$ cat coords.txt   # compact mmCIF, C-alpha atoms
# COMPACT_ATOMS: atom_id res chain seq x y z
CA MET X 1 -0.58 -13.11 -42.41
CA PRO X 2 -1.91 -11.01 -39.50
CA ALA X 3 -5.23 -9.20 -39.49
CA GLY X 4 -5.14 -5.68 -40.96
CA SER X 5 -5.57 -4.01 -37.59
CA LYS X 6 -2.39 -5.65 -36.28
CA LYS X 7 -0.11 -4.22 -38.98
CA SER X 8 0.05 -0.79 -37.31
CA GLY X 9 3.08 0.67 -35.50
CA THR X 10 1.27 0.63 -32.14
CA PHE X 11 1.71 -3.15 -32.00
CA ARG X 12 4.95 -5.01 -31.47
CA LYS X 13 5.79 -8.65 -32.27
CA VAL X 14 6.50 -10.95 -29.33
CA PHE X 15 7.65 -14.50 -30.09
CA LYS X 16 6.37 -17.11 -27.64
CA LYS X 17 6.97 -20.85 -27.34
CA THR X 18 3.97 -23.16 -27.03
CA PRO X 19 4.02 -26.27 -24.83
CA GLY X 20 4.01 -28.29 -28.08
CA GLY X 21 7.39 -26.80 -29.03
CA LYS X 22 6.36 -24.41 -31.82
CA THR X 23 7.20 -20.68 -31.76
CA VAL X 24 4.25 -18.41 -32.35
CA VAL X 25 3.87 -14.64 -32.88
CA HIS X 26 1.74 -12.59 -30.48
CA TYR X 27 0.85 -8.97 -31.25
CA GLU X 28 0.92 -6.77 -28.10
CA LEU X 29 0.22 -3.06 -27.61
CA ARG X 30 3.21 -0.83 -26.86
CA LYS X 31 3.60 1.03 -23.56
CA PRO X 32 3.78 4.85 -23.68
CA LYS X 33 7.07 6.63 -22.99
CA GLN X 34 8.00 8.13 -19.61
CA HIS X 35 6.76 11.69 -18.91
CA LYS X 36 9.37 14.47 -19.17
CA CYS X 37 9.96 17.68 -17.19
CA ALA X 38 8.45 20.75 -18.87
CA GLU X 39 11.61 22.85 -18.34
CA CYS X 40 14.70 20.66 -18.35
CA GLY X 41 13.45 17.55 -20.16
CA ALA X 42 14.50 15.06 -17.50
CA GLU X 43 12.40 11.92 -17.00
CA LEU X 44 9.84 12.40 -14.22
CA LYS X 45 9.71 9.92 -11.36
CA GLY X 46 6.70 8.55 -9.52
CA MET X 47 4.52 8.31 -12.62
CA PRO X 48 3.46 4.97 -14.12
CA ARG X 49 3.80 4.07 -17.80
CA LEU X 50 0.34 2.81 -18.67
CA ARG X 51 -2.19 3.17 -21.45
CA PRO X 52 -4.97 5.75 -20.79
CA VAL X 53 -7.56 3.03 -20.14
CA GLU X 54 -5.45 1.57 -17.33
CA MET X 55 -4.58 5.01 -15.91
CA GLN X 56 -8.27 5.74 -15.39
CA LYS X 57 -8.51 2.80 -13.00
CA LEU X 58 -5.81 4.20 -10.67
CA ALA X 59 -6.40 6.63 -7.80
CA LYS X 60 -5.28 10.26 -8.18
CA THR X 61 -2.40 9.86 -5.72
CA GLU X 62 -1.01 6.86 -7.61
CA LYS X 63 -0.42 8.81 -10.81
CA ARG X 64 1.77 11.72 -9.66
CA PRO X 65 3.94 12.81 -6.67
CA GLU X 66 2.31 14.70 -3.79
CA ARG X 67 4.09 18.00 -4.29
CA PRO X 68 3.36 21.34 -5.96
CA TYR X 69 4.16 21.01 -9.68
CA GLY X 70 4.15 17.24 -9.18
CA GLY X 71 3.83 15.51 -12.54
CA VAL X 72 4.79 18.70 -14.42
CA LEU X 73 8.27 19.69 -13.20
CA CYS X 74 11.12 17.66 -11.77
CA SER X 75 11.99 18.24 -8.10
CA ALA X 76 14.99 20.47 -8.86
CA CYS X 77 13.05 22.74 -11.24
CA ALA X 78 10.15 22.97 -8.75
CA ARG X 79 12.53 24.19 -6.04
CA LYS X 80 13.93 26.90 -8.35
CA LYS X 81 10.44 28.09 -9.19
CA LEU X 82 9.36 28.29 -5.52
CA ILE X 83 12.49 30.30 -4.64
CA GLN X 84 11.77 32.71 -7.54
CA GLU X 85 8.22 33.26 -6.29
CA VAL X 86 9.47 33.98 -2.76
CA ARG X 87 12.14 36.45 -3.82
CA SER X 88 9.91 38.38 -6.24
CA MET T 1 20.47 33.26 9.31
CA PHE T 2 18.43 30.44 10.80
CA GLU T 3 17.49 31.51 14.32
CA VAL T 4 14.56 30.87 16.62
CA GLY T 5 11.60 32.93 15.43
CA ASN T 6 12.49 33.25 11.74
CA ILE T 7 9.64 32.63 9.31
CA CYS T 8 10.58 30.43 6.35
CA ILE T 9 8.98 28.67 3.41
CA LYS T 10 9.58 24.98 2.80
CA ILE T 11 11.01 24.27 -0.64
CA ALA T 12 11.07 20.45 -0.74
CA GLY T 13 8.68 17.69 0.17
CA ARG T 14 4.93 17.23 0.05
CA ASP T 15 4.43 20.28 2.29
CA SER T 16 6.52 22.60 0.11
CA GLY T 17 5.16 26.10 -0.42
CA LEU T 18 3.90 26.32 3.19
CA LYS T 19 5.09 28.81 5.83
CA CYS T 20 6.73 27.74 9.06
CA VAL T 21 8.59 29.10 12.09
CA ILE T 22 11.90 27.87 13.50
CA VAL T 23 11.18 26.63 17.01
CA GLU T 24 14.57 25.20 17.95
CA VAL T 25 18.04 24.91 16.42
CA LEU T 26 19.37 21.35 16.72
CA ASP T 27 22.56 21.37 14.61
CA ASP T 28 24.38 23.25 11.88
CA ASN T 29 22.19 21.37 9.41
CA PHE T 30 18.94 20.53 11.29
CA VAL T 31 16.16 22.65 12.75
CA LEU T 32 12.76 22.06 14.44
CA ILE T 33 9.90 23.73 12.53
CA ASP T 34 6.19 24.25 13.16
CA GLY T 35 3.35 26.23 11.64
CA GLN T 36 1.37 25.34 8.53
CA THR T 37 3.59 22.23 8.31
CA ARG T 38 3.70 19.42 10.85
CA ARG T 39 5.93 19.78 13.89
CA ARG T 40 9.09 18.07 12.69
CA LYS T 41 12.85 18.12 12.17
CA CYS T 42 13.96 19.66 8.89
CA ASN T 43 17.17 20.19 6.93
CA VAL T 44 18.29 23.76 6.50
CA LYS T 45 18.77 23.22 2.76
CA HIS T 46 15.02 22.63 2.37
CA LEU T 47 14.06 26.05 3.79
CA GLU T 48 14.01 29.53 2.23
CA PRO T 49 13.98 32.29 4.87
CA LEU T 50 11.66 35.29 4.59
CA LYS T 51 12.27 38.82 5.92
CA ASP T 52 9.64 38.44 8.70
CA SER T 53 10.36 37.10 12.14
CA ILE T 54 8.41 36.57 15.39
CA LYS T 55 9.58 36.89 18.97
CA ILE T 56 9.31 33.38 20.39
CA LYS T 57 11.02 31.62 23.25
CA ASN T 58 12.89 28.37 22.71
CA LYS T 59 10.71 25.21 22.37
CA VAL T 60 7.28 26.81 22.19
CA SER T 61 4.10 24.68 22.03
CA HIS T 62 1.90 24.34 18.96
CA SER T 63 -1.09 26.25 20.37
CA GLU T 64 0.96 29.42 20.97
CA ILE T 65 2.28 29.33 17.41
CA VAL T 66 -1.29 29.09 16.10
CA SER T 67 -2.25 32.26 18.00
CA GLU T 68 0.86 34.08 16.73
CA PHE T 69 0.13 33.14 13.14
CA LYS T 70 -3.44 34.47 13.45
CA LYS T 71 -1.99 37.96 14.10
CA LEU T 72 -0.02 37.70 10.85
CA LYS T 73 -3.22 36.48 9.08
CA ILE T 74 -1.77 33.10 8.13
CA ASP T 75 -4.31 30.27 8.24
CA ILE T 76 -3.34 26.94 9.77
CA LYS T 77 -5.33 23.80 8.99
CA GLU T 78 -5.60 21.32 11.83
CA THR T 79 -5.19 17.74 10.72
CA LYS T 80 -5.48 14.51 12.67
CA PRO T 81 -2.69 11.95 12.41
CA LYS T 82 -3.55 8.93 10.27
CA LYS T 83 -4.08 5.59 11.97
CA THR T 84 -1.94 2.95 10.29
CA PRO T 85 -4.12 -0.05 9.44
CA GLU T 86 -3.30 -3.37 11.05
CA ARG T 87 -1.36 -5.78 8.91
CA PRO T 88 -3.24 -8.98 8.10
CA LYS T 89 -1.94 -11.75 10.33
CA LYS T 90 -0.94 -14.97 8.58
CA SER T 91 -1.87 -18.16 10.42
CA LYS T 92 1.32 -20.19 10.72
CA LYS T 93 1.24 -23.94 10.12
CA VAL T 94 2.78 -25.60 13.18
CA LYS T 95 5.57 -27.95 12.05
CA MET T 96 5.49 -31.08 14.21
CA LYS T 97 8.76 -32.75 15.28
CA PRO T 98 9.19 -36.51 14.46
CA SER T 99 8.51 -37.57 18.08
CA ASN T 100 5.43 -35.40 18.15
CA GLU T 101 4.34 -36.59 14.72
CA LYS T 102 3.98 -40.17 15.98
CA LYS T 103 1.84 -38.98 18.84
CA ALA T 104 -0.21 -36.87 16.48
CA SER T 105 -0.64 -39.77 14.06
CA LYS T 106 -1.79 -42.01 16.93
CA GLU T 107 -4.26 -39.38 17.99
CA LYS T 108 -5.52 -39.04 14.44
CA THR T 109 -6.04 -42.82 14.08
CA ALA T 110 -7.84 -42.93 17.42
CA THR T 111 -10.20 -40.22 16.30
CA LYS T 112 -10.72 -41.94 12.96
CA GLU T 113 -11.55 -45.28 14.55
CA LYS T 114 -14.46 -43.88 16.47
CA PRO T 115 -16.57 -42.87 13.50
CA LYS T 116 -15.72 -46.16 11.76
CA LYS T 117 -17.10 -48.12 14.69
CA GLU T 118 -20.28 -46.17 14.53
CA VAL T 119 -20.65 -46.94 10.85
CA VAL T 120 -20.09 -50.66 11.52
CA LYS T 121 -22.75 -50.56 14.19
CA LYS T 122 -25.18 -49.04 11.77
CA LYS T 123 -24.51 -51.78 9.23
CA ALA T 124 -25.17 -54.41 11.85
CA ASP T 125 -28.47 -52.77 12.63
CA THR T 126 -29.74 -52.76 9.08
CA PRO T 127 -29.75 -56.51 8.26
CA LYS T 128 -31.95 -57.33 11.25
CA PRO T 129 -35.30 -56.59 9.59
CA SER T 130 -34.33 -58.87 6.67
CA PHE T 131 -33.86 -61.77 9.05
CA GLU T 132 -37.21 -61.07 10.63
CA LYS T 133 -38.90 -61.24 7.28
CA LYS T 134 -37.47 -64.67 6.59
CA GLU T 135 -38.78 -65.98 9.89
CA ILE T 136 -42.26 -64.83 9.01
CA LYS T 137 -42.12 -66.64 5.70
CA GLU T 138 -41.07 -69.90 7.37
CA GLU T 139 -43.92 -69.72 9.77
CA LYS T 140 -46.56 -69.55 7.09
CA PRO T 141 -46.09 -72.99 5.54
CA SER T 142 -45.89 -74.55 9.01
CA LYS T 143 -49.33 -73.21 9.85
CA LYS T 144 -50.77 -74.80 6.72
$ encode --input "coords.txt" --output "structure tokens"
Amino acid sequence: MPAGSKKSGTFRKVFKKTPGGKTVVHYELRKPKQHKCAECGAELKGMPRLRPVEMQKLAKTEKRPERPYGGVLCSACARKKLIQEVRS
Amino acid sequence: MFEVGNICIKIAGRDSGLKCVIVEVLDDNFVLIDGQTRRRKCNVKHLEPLKDSIKIKNKVSHSEIVSEFKKLKIDIKETKPKKTPERPKKSKKVKMKPSNEKKASKEKTATKEKPKKEVVKKKADTPKPSFEKKEIKEEKPSKK
């Protein structure tokens, strides 16, 4: 039976084969889901799917696109918002 | 709509939200822009025109646009272009042809023989003192 900490839903079971021929269970942490647009709900591009510990090791430019509202809105919604600001 | 001298805002790209002037009309779809953005070709779909416009001749230089924008109180940041770093060069292993390989192998054996000869010479040098010692021992009983 696994250790108590491994019974949580954050872990998933991965079955691996050893060189001796036996299959063995490994408990691995799950990756987080892809970030979504705040307005339309579409999946955002240019953002990695990593745990917070690994995200801290990346540079700022590697985590989001270089654009206003990058990482918050998708490109189509950002264009609409900029046009609204101009026309108001 | 899109004529030389119109002030627009860029909607798309990493320089979106910045103001620019149309310097030259290239096509129905493409236009040369300059201002707060870099001097570059741009698609008309990525621009949103404003009501302002400046009187500029066709194909004006960057320095004149900077002076015109100062009158409108728009700040322009001057940036230097980035130097692309050199790619690391991989040292290629020269593949020898079969005719060249024989020559190379001969050269390699010739170079190997030289140090071997030196080692043999050294071995010949070392046993000499042992022979000398034996001679000394033989002399002693003869003296007695």
$ interface_residues --input "coords.txt" --of "chain T" --to "chain X" --cutoff "12 Å" --atoms "only C-alpha atoms" --output "ChimeraX atom specification"
/T:8-19,45-51
$ residues_around --input "coords.txt" --residues "Lys33 in chain X" --least-positions-apart "6" --cutoff "12 Å" --atoms "only C-alpha atoms" --output "PyMOL selection string"
chain X and resi 43-44+47-51
$ atom_distance --input "coords.txt" --atom1 "CA of Ile65 in chain T" --atom2 "CA of Asp52 in chain T"
14.6 Å
$ residues_around --input "coords.txt" --residues "Lys31 in chain X" --least-positions-apart "3" --cutoff "12 Å" --atoms "all atoms listed in the file" --output "MDAnalysis selection string"
chainID X and resid 9:12 28 34 48:55
$ atom_distance --input "coords.txt" --atom1 "CA of Lys59 in chain T" --atom2 "CA of Val23 in chain T"
5.6 Å
$ atom_distance --input "coords.txt" --atom1 "CA of Leu58 in chain X" --atom2 "CA of Lys82 in chain T"
21.6 Å
$ residues_around --input "coords.txt" --residues "Val24 in chain X" --least-positions-apart "3" --cutoff "10 Å" --atoms "only C-alpha atoms" --output "PyMOL selection string"
chain X and resi 13-18+21
$ closest_residue --input "coords.txt" --among "X:Cys74, X:Ala59, X:Cys37, X:Leu29" --to "Ser8 in chain X" --atoms "all atoms listed in the file"
X:Leu29
